[in-house]
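Undergrad: final31.cif (mmCIF, C-alpha atoms and all ligand atoms) pasted underneath:
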data_structure
#
loop_
_atom_site.group_PDB
_atom_site.id
_atom_site.type_symbol
_atom_site.label_atom_id
_atom_site.label_comp_id
_atom_site.auth_asym_id
_atom_site.auth_seq_id
_atom_site.Cartn_x
_atom_site.Cartn_y
_atom_site.Cartn_z
ATOM 1 C CA MET A 9 17.795 12.823 -41.527
ATOM 2 C CA ASN A 10 19.476 14.529 -38.621
ATOM 3 C CA MET A 11 21.137 11.672 -36.733
ATOM 4 C CA MET A 12 22.209 12.652 -33.214
ATOM 5 C CA SER A 13 25.554 11.298 -32.086
ATOM 6 C CA GLU A 14 25.541 8.957 -29.106
ATOM 7 C CA SER A 15 26.998 11.608 -26.813
ATOM 8 C CA ALA A 16 24.411 14.140 -28.019
ATOM 9 C CA VAL A 17 21.670 11.638 -27.172
ATOM 10 C CA GLU A 18 23.212 11.121 -23.709
ATOM 11 C CA LYS A 19 23.416 14.881 -23.224
ATOM 12 C CA ALA A 20 19.811 15.346 -24.302
ATOM 13 C CA LEU A 21 18.754 12.606 -21.892
ATOM 14 C CA ASP A 22 20.738 14.161 -19.047
ATOM 15 C CA GLN A 23 19.111 17.497 -19.762
ATOM 16 C CA LYS A 24 15.726 15.783 -19.818
ATOM 17 C CA MET A 25 16.632 14.176 -16.487
ATOM 18 C CA SER A 26 17.621 17.409 -14.808
ATOM 19 C CA ASP A 27 14.285 18.898 -15.939
ATOM 20 C CA ALA A 28 12.603 15.634 -15.158
ATOM 21 C CA SER A 29 9.289 15.585 -13.507
ATOM 22 C CA HIS A 30 8.734 13.054 -10.800
ATOM 23 C CA LYS A 31 7.084 10.050 -12.383
ATOM 24 C CA MET A 32 6.373 8.469 -9.005
ATOM 25 C CA ILE A 33 6.277 10.127 -5.600
ATOM 26 C CA GLY A 34 6.548 8.168 -2.377
ATOM 27 C CA LYS A 35 5.489 10.101 0.723
ATOM 28 C CA ASP A 36 5.937 8.810 4.271
ATOM 29 C CA VAL A 37 5.882 5.223 3.060
ATOM 30 C CA SER A 38 5.993 2.662 5.864
ATOM 31 C CA VAL A 39 5.634 -1.084 5.505
ATOM 32 C CA TYR A 40 4.789 -3.652 8.175
ATOM 33 C CA TYR A 41 4.986 -7.423 7.912
ATOM 34 C CA GLY A 42 2.630 -8.361 10.733
ATOM 35 C CA GLU A 43 4.073 -6.638 13.811
ATOM 36 C CA LYS A 44 7.462 -6.081 12.220
ATOM 37 C CA ARG A 45 8.090 -2.692 10.642
ATOM 38 C CA ALA A 46 10.293 -2.954 7.558
ATOM 39 C CA LEU A 47 10.188 0.644 6.252
ATOM 40 C CA PHE A 48 10.066 3.898 8.224
ATOM 41 C CA ASP A 49 8.435 6.958 6.603
ATOM 42 C CA VAL A 50 10.333 6.805 3.347
ATOM 43 C CA ASN A 51 10.109 9.889 1.143
ATOM 44 C CA LEU A 52 11.508 9.042 -2.252
ATOM 45 C CA ASN A 53 10.628 10.418 -5.662
ATOM 46 C CA VAL A 54 11.366 8.600 -8.901
ATOM 47 C CA ARG A 55 12.331 10.808 -11.821
ATOM 48 C CA GLU A 56 11.045 10.232 -15.323
ATOM 49 C CA ASN A 57 13.394 8.729 -17.960
ATOM 50 C CA THR A 58 15.935 8.099 -15.256
ATOM 51 C CA VAL A 59 17.448 4.927 -13.830
ATOM 52 C CA THR A 60 17.221 5.044 -10.030
ATOM 53 C CA ALA A 61 19.281 2.457 -8.147
ATOM 54 C CA LEU A 62 18.255 1.303 -4.665
ATOM 55 C CA ILE A 63 21.263 0.188 -2.636
ATOM 56 C CA GLY A 64 21.988 -0.804 0.945
ATOM 57 C CA PRO A 65 22.883 -3.809 3.082
ATOM 58 C CA SER A 66 20.838 -6.991 3.084
ATOM 59 C CA GLY A 67 17.467 -6.654 4.788
ATOM 60 C CA CYS A 68 17.420 -2.831 4.689
ATOM 61 C CA GLY A 69 14.132 -2.714 2.773
ATOM 62 C CA LYS A 70 15.135 -2.138 -0.860
ATOM 63 C CA SER A 71 12.914 -4.875 -2.303
ATOM 64 C CA THR A 72 10.103 -3.960 0.064
ATOM 65 C CA PHE A 73 10.135 -0.383 -1.238
ATOM 66 C CA LEU A 74 10.388 -1.563 -4.850
ATOM 67 C CA ARG A 75 7.382 -3.829 -4.388
ATOM 68 C CA CYS A 76 5.356 -0.894 -3.012
ATOM 69 C CA LEU A 77 5.659 0.846 -6.385
ATOM 70 C CA ASN A 78 3.361 -1.614 -8.180
ATOM 71 C CA ARG A 79 1.597 -3.029 -5.133
ATOM 72 C CA MET A 80 3.327 -6.382 -5.338
ATOM 73 C CA ASN A 81 3.268 -6.290 -1.527
ATOM 74 C CA ASP A 82 -0.515 -6.825 -1.804
ATOM 75 C CA THR A 83 0.293 -10.441 -2.637
ATOM 76 C CA ILE A 84 2.101 -10.948 0.699
ATOM 77 C CA GLU A 85 -0.161 -11.966 3.548
ATOM 78 C CA ASN A 86 0.164 -9.751 6.640
ATOM 79 C CA CYS A 87 1.890 -6.986 4.707
ATOM 80 C CA ARG A 88 0.529 -3.478 5.303
ATOM 81 C CA VAL A 89 1.612 -0.300 3.536
ATOM 82 C CA THR A 90 0.930 3.213 4.868
ATOM 83 C CA GLY A 91 1.746 6.613 3.384
ATOM 84 C CA LYS A 92 1.065 7.666 -0.169
ATOM 85 C CA ILE A 93 2.510 6.730 -3.557
ATOM 86 C CA THR A 94 1.498 8.438 -6.774
ATOM 87 C CA LEU A 95 2.100 7.533 -10.389
ATOM 88 C CA ASP A 96 1.756 10.797 -12.296
ATOM 89 C CA THR A 97 -1.305 12.129 -10.475
ATOM 90 C CA ASP A 98 -2.849 8.777 -9.572
ATOM 91 C CA ASP A 99 -2.742 7.597 -5.961
ATOM 92 C CA ILE A 100 -1.836 3.946 -6.594
ATOM 93 C CA TYR A 101 -3.269 2.773 -3.261
ATOM 94 C CA ASP A 102 -6.631 4.387 -3.966
ATOM 95 C CA ASN A 103 -9.529 1.915 -3.811
ATOM 96 C CA ASN A 104 -10.489 2.768 -7.394
ATOM 97 C CA ILE A 105 -7.138 1.713 -8.824
ATOM 98 C CA ASP A 106 -7.249 -1.427 -10.972
ATOM 99 C CA VAL A 107 -4.175 -3.310 -9.752
ATOM 100 C CA VAL A 108 -3.866 -5.359 -12.964
ATOM 101 C CA GLU A 109 -3.752 -2.154 -14.985
ATOM 102 C CA LEU A 110 -1.310 -0.606 -12.495
ATOM 103 C CA ARG A 111 1.069 -3.554 -12.938
ATOM 104 C CA ALA A 112 0.917 -3.076 -16.709
ATOM 105 C CA ARG A 113 1.899 0.573 -16.233
ATOM 106 C CA VAL A 114 4.543 -0.351 -13.663
ATOM 107 C CA GLY A 115 6.076 -3.619 -14.860
ATOM 108 C CA MET A 116 8.479 -5.831 -12.970
ATOM 109 C CA VAL A 117 11.499 -7.980 -13.738
ATOM 110 C CA PHE A 118 12.592 -10.406 -11.033
ATOM 111 C CA GLN A 119 15.901 -11.700 -9.736
ATOM 112 C CA LYS A 120 15.573 -15.096 -11.367
ATOM 113 C CA PRO A 121 14.475 -15.132 -14.999
ATOM 114 C CA ASN A 122 10.928 -16.544 -14.929
ATOM 115 C CA PRO A 123 9.633 -17.054 -18.471
ATOM 116 C CA PHE A 124 6.340 -18.910 -18.752
ATOM 117 C CA PRO A 125 6.799 -22.547 -19.863
ATOM 118 C CA LYS A 126 5.477 -21.555 -23.279
ATOM 119 C CA THR A 127 6.942 -20.425 -26.575
ATOM 120 C CA ILE A 128 8.976 -17.250 -26.922
ATOM 121 C CA TYR A 129 6.111 -15.745 -28.971
ATOM 122 C CA GLU A 130 3.516 -16.634 -26.342
ATOM 123 C CA ASN A 131 5.672 -15.231 -23.543
ATOM 124 C CA ILE A 132 5.509 -11.829 -25.223
ATOM 125 C CA SER A 133 1.964 -11.983 -26.629
ATOM 126 C CA TYR A 134 0.276 -13.030 -23.366
ATOM 127 C CA GLY A 135 0.221 -9.556 -21.747
ATOM 128 C CA PRO A 136 -0.893 -7.616 -24.852
ATOM 129 C CA ARG A 137 -3.612 -10.233 -25.407
ATOM 130 C CA ILE A 138 -5.104 -9.997 -21.911
ATOM 131 C CA HIS A 139 -4.889 -6.195 -22.016
ATOM 132 C CA GLY A 140 -6.516 -6.092 -25.476
ATOM 133 C CA LEU A 141 -3.603 -4.237 -27.057
ATOM 134 C CA SER A 142 -3.749 -5.872 -30.485
ATOM 135 C CA LYS A 143 -6.563 -6.066 -33.022
ATOM 136 C CA ASN A 144 -5.300 -8.977 -35.089
ATOM 137 C CA LYS A 145 -2.425 -11.384 -35.707
ATOM 138 C CA ALA A 146 -0.409 -8.875 -37.771
ATOM 139 C CA ASP A 147 -0.692 -6.372 -34.924
ATOM 140 C CA MET A 148 0.464 -8.949 -32.423
ATOM 141 C CA ASP A 149 3.380 -10.031 -34.630
ATOM 142 C CA GLN A 150 4.439 -6.398 -34.696
ATOM 143 C CA ILE A 151 4.249 -6.047 -30.893
ATOM 144 C CA VAL A 152 6.249 -9.259 -30.428
ATOM 145 C CA GLU A 153 8.954 -8.143 -32.853
ATOM 146 C CA ALA A 154 9.164 -4.594 -31.471
ATOM 147 C CA SER A 155 9.378 -5.846 -27.871
ATOM 148 C CA LEU A 156 12.122 -8.322 -28.703
ATOM 149 C CA GLN A 157 13.954 -5.651 -30.701
ATOM 150 C CA ARG A 158 13.817 -3.239 -27.761
ATOM 151 C CA ALA A 159 15.088 -5.939 -25.433
ATOM 152 C CA GLY A 160 17.992 -6.600 -27.806
ATOM 153 C CA LEU A 161 16.921 -10.210 -28.354
ATOM 154 C CA TRP A 162 15.277 -10.192 -31.793
ATOM 155 C CA THR A 163 18.224 -11.314 -33.909
ATOM 156 C CA GLU A 164 18.978 -14.148 -31.486
ATOM 157 C CA VAL A 165 15.437 -15.568 -31.432
ATOM 158 C CA LYS A 166 13.665 -14.505 -34.627
ATOM 159 C CA ASP A 167 14.034 -17.985 -36.153
ATOM 160 C CA ARG A 168 12.826 -19.803 -33.047
ATOM 161 C CA LEU A 169 9.822 -17.783 -31.910
ATOM 162 C CA HIS A 170 7.746 -20.935 -31.577
ATOM 163 C CA GLU A 171 10.252 -22.773 -29.415
ATOM 164 C CA SER A 172 10.052 -22.768 -25.630
ATOM 165 C CA GLY A 173 11.272 -19.678 -23.771
ATOM 166 C CA THR A 174 12.761 -21.897 -21.100
ATOM 167 C CA GLY A 175 15.195 -23.315 -23.698
ATOM 168 C CA LEU A 176 17.068 -20.007 -23.870
ATOM 169 C CA SER A 177 20.228 -19.249 -21.891
ATOM 170 C CA GLY A 178 19.795 -17.503 -18.523
ATOM 171 C CA GLY A 179 20.785 -14.123 -19.950
ATOM 172 C CA GLN A 180 18.464 -14.544 -22.924
ATOM 173 C CA GLN A 181 15.651 -15.591 -20.581
ATOM 174 C CA GLN A 182 16.144 -12.412 -18.557
ATOM 175 C CA ARG A 183 16.023 -10.293 -21.733
ATOM 176 C CA LEU A 184 12.881 -12.241 -22.708
ATOM 177 C CA CYS A 185 11.357 -11.253 -19.354
ATOM 178 C CA ILE A 186 12.312 -7.629 -20.032
ATOM 179 C CA ALA A 187 10.707 -7.928 -23.520
ATOM 180 C CA ARG A 188 7.596 -9.388 -21.861
ATOM 181 C CA ALA A 189 7.435 -6.396 -19.506
ATOM 182 C CA ILE A 190 7.918 -3.972 -22.414
ATOM 183 C CA ALA A 191 5.178 -5.627 -24.516
ATOM 184 C CA VAL A 192 2.366 -4.047 -22.488
ATOM 185 C CA SER A 193 3.854 -0.553 -22.951
ATOM 186 C CA PRO A 194 4.743 0.153 -19.329
ATOM 187 C CA GLU A 195 5.728 3.601 -18.135
ATOM 188 C CA VAL A 196 7.925 2.365 -15.300
ATOM 189 C CA ILE A 197 9.969 -0.850 -15.081
ATOM 190 C CA LEU A 198 11.001 -2.202 -11.670
ATOM 191 C CA MET A 199 13.956 -4.565 -11.568
ATOM 192 C CA ASP A 200 14.837 -6.574 -8.476
ATOM 193 C CA GLU A 201 18.490 -7.621 -8.802
ATOM 194 C CA PRO A 202 17.927 -8.569 -12.451
ATOM 195 C CA CYS A 203 21.513 -9.737 -12.990
ATOM 196 C CA SER A 204 22.163 -11.695 -9.830
ATOM 197 C CA ALA A 205 21.605 -15.054 -11.566
ATOM 198 C CA LEU A 206 23.584 -14.106 -14.681
ATOM 199 C CA ASP A 207 27.211 -14.549 -15.726
ATOM 200 C CA PRO A 208 29.349 -11.441 -16.421
ATOM 201 C CA ILE A 209 28.718 -11.419 -20.184
ATOM 202 C CA ALA A 210 24.945 -11.756 -19.808
ATOM 203 C CA THR A 211 25.090 -9.128 -17.039
ATOM 204 C CA ALA A 212 26.903 -6.703 -19.343
ATOM 205 C CA LYS A 213 24.213 -7.179 -22.003
ATOM 206 C CA VAL A 214 21.385 -6.561 -19.553
ATOM 207 C CA GLU A 215 23.179 -3.493 -18.166
ATOM 208 C CA GLU A 216 23.617 -2.134 -21.679
ATOM 209 C CA LEU A 217 19.938 -2.740 -22.291
ATOM 210 C CA ILE A 218 18.933 -0.906 -19.092
ATOM 211 C CA HIS A 219 21.027 2.006 -20.268
ATOM 212 C CA GLU A 220 19.185 2.086 -23.610
ATOM 213 C CA LEU A 221 15.722 1.606 -22.106
ATOM 214 C CA ARG A 222 16.094 4.781 -20.115
ATOM 215 C CA ALA A 223 15.252 6.809 -23.226
ATOM 216 C CA ASN A 224 11.703 5.449 -23.190
ATOM 217 C CA TYR A 225 11.020 4.230 -19.680
ATOM 218 C CA THR A 226 11.528 5.156 -16.065
ATOM 219 C CA ILE A 227 13.516 2.433 -14.330
ATOM 220 C CA VAL A 228 14.029 1.546 -10.667
ATOM 221 C CA ILE A 229 16.582 -1.170 -9.965
ATOM 222 C CA VAL A 230 17.588 -2.915 -6.744
ATOM 223 C CA THR A 231 21.193 -4.009 -6.808
ATOM 224 C CA HIS A 232 23.820 -5.347 -4.431
ATOM 225 C CA SER A 233 26.560 -4.336 -6.808
ATOM 226 C CA MET A 234 27.992 -0.877 -6.291
ATOM 227 C CA GLN A 235 29.658 -1.137 -9.702
ATOM 228 C CA GLN A 236 26.335 -1.922 -11.302
ATOM 229 C CA ALA A 237 24.609 1.003 -9.571
ATOM 230 C CA ALA A 238 27.421 3.298 -10.740
ATOM 231 C CA ARG A 239 27.280 1.944 -14.303
ATOM 232 C CA VAL A 240 23.551 1.960 -14.963
ATOM 233 C CA SER A 241 21.929 4.623 -12.804
ATOM 234 C CA GLN A 242 21.758 8.401 -12.741
ATOM 235 C CA ARG A 243 20.175 8.591 -9.270
ATOM 236 C CA THR A 244 20.928 6.385 -6.287
ATOM 237 C CA ALA A 245 18.981 5.895 -3.069
ATOM 238 C CA MET A 246 20.693 4.338 -0.058
ATOM 239 C CA PHE A 247 18.617 2.434 2.518
ATOM 240 C CA HIS A 248 19.684 1.289 5.975
ATOM 241 C CA LEU A 249 17.569 -0.467 8.603
ATOM 242 C CA GLY A 250 14.348 0.430 6.822
ATOM 243 C CA GLN A 251 15.186 4.087 6.456
ATOM 244 C CA LEU A 252 16.117 6.085 3.405
ATOM 245 C CA VAL A 253 19.531 7.433 4.321
ATOM 246 C CA GLU A 254 20.236 9.532 1.257
ATOM 247 C CA GLU A 255 19.133 9.986 -2.343
ATOM 248 C CA ASN A 256 21.352 11.804 -4.775
ATOM 249 C CA ASP A 257 22.942 11.928 -8.213
ATOM 250 C CA THR A 258 24.805 8.660 -8.647
ATOM 251 C CA ASP A 259 28.085 10.461 -9.384
ATOM 252 C CA LYS A 260 27.835 12.355 -6.121
ATOM 253 C CA MET A 261 26.788 9.278 -4.136
ATOM 254 C CA PHE A 262 29.922 7.461 -5.200
ATOM 255 C CA THR A 263 32.367 10.338 -4.854
ATOM 256 C CA ASN A 264 31.107 12.633 -2.138
ATOM 257 C CA PRO A 265 28.006 11.330 -0.365
ATOM 258 C CA ASP A 266 26.300 13.508 2.232
ATOM 259 C CA ASP A 267 25.801 10.757 4.800
ATOM 260 C CA GLN A 268 28.541 8.861 6.621
ATOM 261 C CA ARG A 269 26.554 5.616 6.380
ATOM 262 C CA THR A 270 26.555 5.869 2.577
ATOM 263 C CA GLN A 271 30.297 6.466 2.643
ATOM 264 C CA ASP A 272 30.839 3.459 4.903
ATOM 265 C CA TYR A 273 28.636 1.211 2.801
ATOM 266 C CA ILE A 274 30.198 2.066 -0.535
ATOM 267 C CA MET A 275 33.650 1.672 1.008
ATOM 268 C CA GLY A 276 32.620 -1.857 2.054
ATOM 269 C CA ARG A 277 32.794 -1.099 5.807
ATOM 270 C CA PHE A 278 29.468 -2.845 6.412
ATOM 271 C CA GLY A 279 26.801 -4.830 4.600
HETATM 272 N N1 LIG A 301 7.387 -11.631 3.261
HETATM 273 C C1 LIG A 301 7.989 -11.170 4.371
HETATM 274 N N2 LIG A 301 7.532 -11.488 5.588
HETATM 275 C C2 LIG A 301 8.114 -11.018 6.710
HETATM 276 N N3 LIG A 301 9.194 -10.215 6.709
HETATM 277 C C3 LIG A 301 9.707 -9.868 5.522
HETATM 278 C C4 LIG A 301 9.134 -10.319 4.286
HETATM 279 N N4 LIG A 301 9.865 -9.812 3.265
HETATM 280 C C5 LIG A 301 10.839 -9.059 3.828
HETATM 281 N N5 LIG A 301 10.746 -9.102 5.187
HETATM 282 C C6 LIG A 301 11.622 -8.406 6.151
HETATM 283 O O1 LIG A 301 11.618 -7.016 5.855
HETATM 284 C C7 LIG A 301 12.930 -6.478 5.952
HETATM 285 C C8 LIG A 301 13.325 -5.862 4.618
HETATM 286 O O2 LIG A 301 13.446 -6.908 3.663
HETATM 287 P P1 LIG A 301 13.752 -6.656 2.128
HETATM 288 O O3 LIG A 301 13.694 -7.966 1.437
HETATM 289 O O4 LIG A 301 12.908 -5.560 1.625
HETATM 290 O O5 LIG A 301 15.258 -6.141 2.204
HETATM 291 P P2 LIG A 301 16.345 -5.995 1.059
HETATM 292 O O6 LIG A 301 17.095 -4.762 1.363
HETATM 293 O O7 LIG A 301 15.700 -6.085 -0.281
HETATM 294 O O8 LIG A 301 17.236 -7.270 1.339
HETATM 295 P P3 LIG A 301 18.122 -8.182 0.374
HETATM 296 O O9 LIG A 301 19.169 -7.266 -0.159
HETATM 297 O O10 LIG A 301 18.686 -9.213 1.278
HETATM 298 O O11 LIG A 301 17.206 -8.716 -0.681
HETATM 299 C C9 LIG A 301 13.841 -7.617 6.382
HETATM 300 O O12 LIG A 301 13.987 -7.566 7.773
HETATM 301 C C10 LIG A 301 13.068 -8.851 5.978
HETATM 302 O O13 LIG A 301 13.370 -9.934 6.817
#
Rewrite the structure of this file - the entire thing - as structure tokens.
TA:
Amino acid sequence: MNMMSESAVEKALDQKMSDASHKMIGKDVSVYYGEKRALFDVNLNVRENTVTALIGPSGCGKSTFLRCLNRMNDTIENCRVTGKITLDTDDIYDNNIDVVELRARVGMVFQKPNPFPKTIYENISYGPRIHGLSKNKADMDQIVEASLQRAGLWTEVKDRLHESGTGLSGGQQQRLCIARAIAVSPEVILMDEPCSALDPIATAKVEELIHELRANYTIVIVTHSMQQAARVSQRTAMFHLGQLVEENDTDKMFTNPDDQRTQDYIMGRFG
């Protein structure tokens, strides 16, 4: 078998990225919470098989934009989204879109690990069951194992699948939540500060995982950590006061950004 070296895989992925089609396209996206406008005509495209980091000072609208991508803002009373967002060719705000199906295609991992108070197995099998993705128990066992493998958690939990997910460490719980998102075969995974509740070792494991997941998924991550954005992403988008300031290759953003506000933010001059 022709095994590609790690650097060859990276190179192939980078090539794929530079040819990458836009998996999601956000056009003139504005968000209002009641009278308050939180986002101003944001035009941001998300490339396929790429990790895109959203950065910027607190309150600039990163999470608001992230939540637009799988209509999580629908769950917030008084929140109104205008503009257009597509996933492949589908307008995700179209009336005909099934939001439950959309959230399976565009999964989400939150700041605080939030496993269900159920077994590890049930945490993973729940989504595939409600979406009818398995025909029988053997099928489901396979989905559970594959999801945990992909989330780098299988060897740690394979002998305790029927114990509670909440009994795992914080870092393991977050990888369980990533496995749960993966189990319904999403195309895009949104992550809202997925490491902010984790210690440095657990953070390193999740970052490594994000890096690996890029081969199969499109990832958008909100982070407050410049180091994390630089480590895990290939594209970075900088927000300020509800506006998209700049979106660029991560390397360029951190060495030679186009906008002074990006420069100031990454140098720690504000935020
Ligand atoms: N549910 C809500 N109701 C009203 N206003 C909100 C709501 N959520 C966010 N906002 C406001 O919208 C603006 C953008 O908030 P958002 O949480 O998207 O920013 P952020 O960049 O993710 O911030 P942080 O880094 O602190 O999480 C802020 O002014 C915030 O106060």
Undergrad: Name every residue that the PyMOL selection byres (((not hetatm)) within 6 of (chain A and resi 301)) selects in this structure, writing the answer as number ranges by chain with chains first and numbers rising.
TA: A: 41, 46, 66-72, 84
Undergrad: Using Å and a single decimal, report how far CA of Arg88 (chain A) sits from CA of Gly42 (chain A).
TA: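 Going from CA of Gly42 (chain A) over to CA of Arg88 (chain A) covers 7.6 Å.
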Undergrad: Would you write out, as a PDB file with C-alpha atoms, in the frame of the given file, every residue that the PyMOL selection byres (((chain A and resi 122) around 9) and not hetatm) captures in this file?
TA:
ATOM      1  CA  VAL A 117      11.499  -7.980 -13.738  1.00  0.00           C
ATOM      2  CA  PHE A 118      12.592 -10.406 -11.033  1.00  0.00           C
ATOM      3  CA  GLN A 119      15.901 -11.700  -9.736  1.00  0.00           C
ATOM      4  CA  LYS A 120      15.573 -15.096 -11.367  1.00  0.00           C
ATOM      5  CA  PRO A 121      14.475 -15.132 -14.999  1.00  0.00           C
ATOM      6  CA  PRO A 123       9.633 -17.054 -18.471  1.00  0.00           C
ATOM      7  CA  PHE A 124       6.340 -18.910 -18.752  1.00  0.00           C
ATOM      8  CA  PRO A 125       6.799 -22.547 -19.863  1.00  0.00           C
ATOM      9  CA  THR A 174      12.761 -21.897 -21.100  1.00  0.00           C
ATOM     10  CA  GLN A 181      15.651 -15.591 -20.581  1.00  0.00           C
ATOM     11  CA  GLN A 182      16.144 -12.412 -18.557  1.00  0.00           C
ATOM     12  CA  CYS A 185      11.357 -11.253 -19.354  1.00  0.00           C
TER      13      CYS A 185
END
Undergrad: As number ranges by chain, please: the residues near Val196 (chain A) (cut-off 7 Å, only C-alpha atoms, same-chain neighbours under 5 positions excluded).
TA: A: 113-115, 225-227
Undergrad: Which residue, A:Val59, A:Ser29, A:Pro136, A:Lys92, has the smallest gap to Gln150 (chain A) when you use all atoms listed in the file?
TA: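 Distance minimum relative to Gln150 (chain A) lands on A:Pro136.
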Undergrad: For the structure provided, state which residues fall under the PyMOL selection byres (((chain A and resi 178) around 8) and not hetatm), and present them as a PDB file with C-alpha atoms, keeping the file's coordinate frame.
TA:
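Final output, saved to expr-v4.pdb:
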ATOM      1  CA  PRO A 121      14.475 -15.132 -14.999  1.00  0.00           C
ATOM      2  CA  LEU A 176      17.068 -20.007 -23.870  1.00  0.00           C
ATOM      3  CA  SER A 177      20.228 -19.249 -21.891  1.00  0.00           C
ATOM      4  CA  GLY A 179      20.785 -14.123 -19.950  1.00  0.00           C
ATOM      5  CA  GLN A 180      18.464 -14.544 -22.924  1.00  0.00           C
ATOM      6  CA  GLN A 181      15.651 -15.591 -20.581  1.00  0.00           C
ATOM      7  CA  GLN A 182      16.144 -12.412 -18.557  1.00  0.00           C
ATOM      8  CA  ALA A 205      21.605 -15.054 -11.566  1.00  0.00           C
ATOM      9  CA  LEU A 206      23.584 -14.106 -14.681  1.00  0.00           C
ATOM     10  CA  ALA A 210      24.945 -11.756 -19.808  1.00  0.00           C
TER      11      ALA A 210
END
Undergrad: So, with only C-alpha atoms as the atoms that count, which of A:Ala187, A:Ile229, A:Leu141, A:Leu221 lies closest to Leu77 (chain A)?
TA: A:Ile229
Undergrad: With distances taken over all atoms listed in the file, which residue among A:Ala146, A:Met80, A:Val253, A:Val214 lies nearest Leu161 (chain A)?
TA: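 Comparing A:Ala146, A:Met80, A:Val253, A:Val214 against Leu161 (chain A), the winner is A:Val214.
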Undergrad: Which one is closest to Lys35 (chain A): A:Val54, A:Val17, A:Ile186, A:Met275? Count all atoms listed in the file.
TA: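 The answer is A:Val54, which sits nearest to Lys35 (chain A).
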Undergrad: Would you work out the distance separating CA of Asn81 (chain A) from CA of Gln251 (chain A), expressed in Å to one decimal?
TA: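 Those two atoms sit 17.7 Å apart.
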Undergrad: Within 12 Å of (21.6, 4.2, -4.7), all atoms listed in the file: residues as a count of residues only?
TA: 47
Undergrad: Quick one, how far is CA of Met116 (chain A) from CA of Arg45 (chain A)?
TA: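 Spanning CA of Met116 (chain A) to CA of Arg45 (chain A) is a straight-line distance of 23.8 Å.
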Undergrad: Would you mind telling me which residue in A:Cys203, A:Leu198, A:Ile93, A:Ile190 lies nearest to Asn224 (chain A) when using only C-alpha atoms?
TA: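 Closest to Asn224 (chain A), using only C-alpha atoms: A:Ile190.
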Undergrad: Which residues are close to region 96-107 of chain A, i.e. within 8 Å by all atoms listed in the file, leaving aside same-chain residues fewer than 2 positions away? Reply as a list in words.
TA: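 Contacts, in chain order: His30, Lys31, Met32, Asn78, Arg79, Lys92, Ile93, Thr94, Glu109, Leu110 and Arg111 of chain A.
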Undergrad: Padding of 8 Å on every side, edges along x, y and z, all listed atoms of region 215-233 of chain A included: what centre and edge lengths in Å, to one decimal, does that box have, as lines of an AutoDock Vina configuration file?
TA:
center_x = 18.8
center_y = 0.7
center_z = -14.0
size_x = 31.5
size_y = 28.2
size_z = 35.2
Undergrad: Find the residues near Glu153 (chain A): any atom within 10 Å, counting all atoms listed in the file, skip ones fewer than 6 places away on the same chain, and give them as an MDAnalysis selection string.
TA: chainID A and resid 129 132 159 161:163 165:166 169 187 191
Undergrad: Restricting the calculation to all atoms listed in the file: of A:Ser142, A:Gln157, A:Ser133, A:Thr263, which residue gets closest to Leu217 (chain A)?
TA: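 Distance minimum relative to Leu217 (chain A) lands on A:Gln157.
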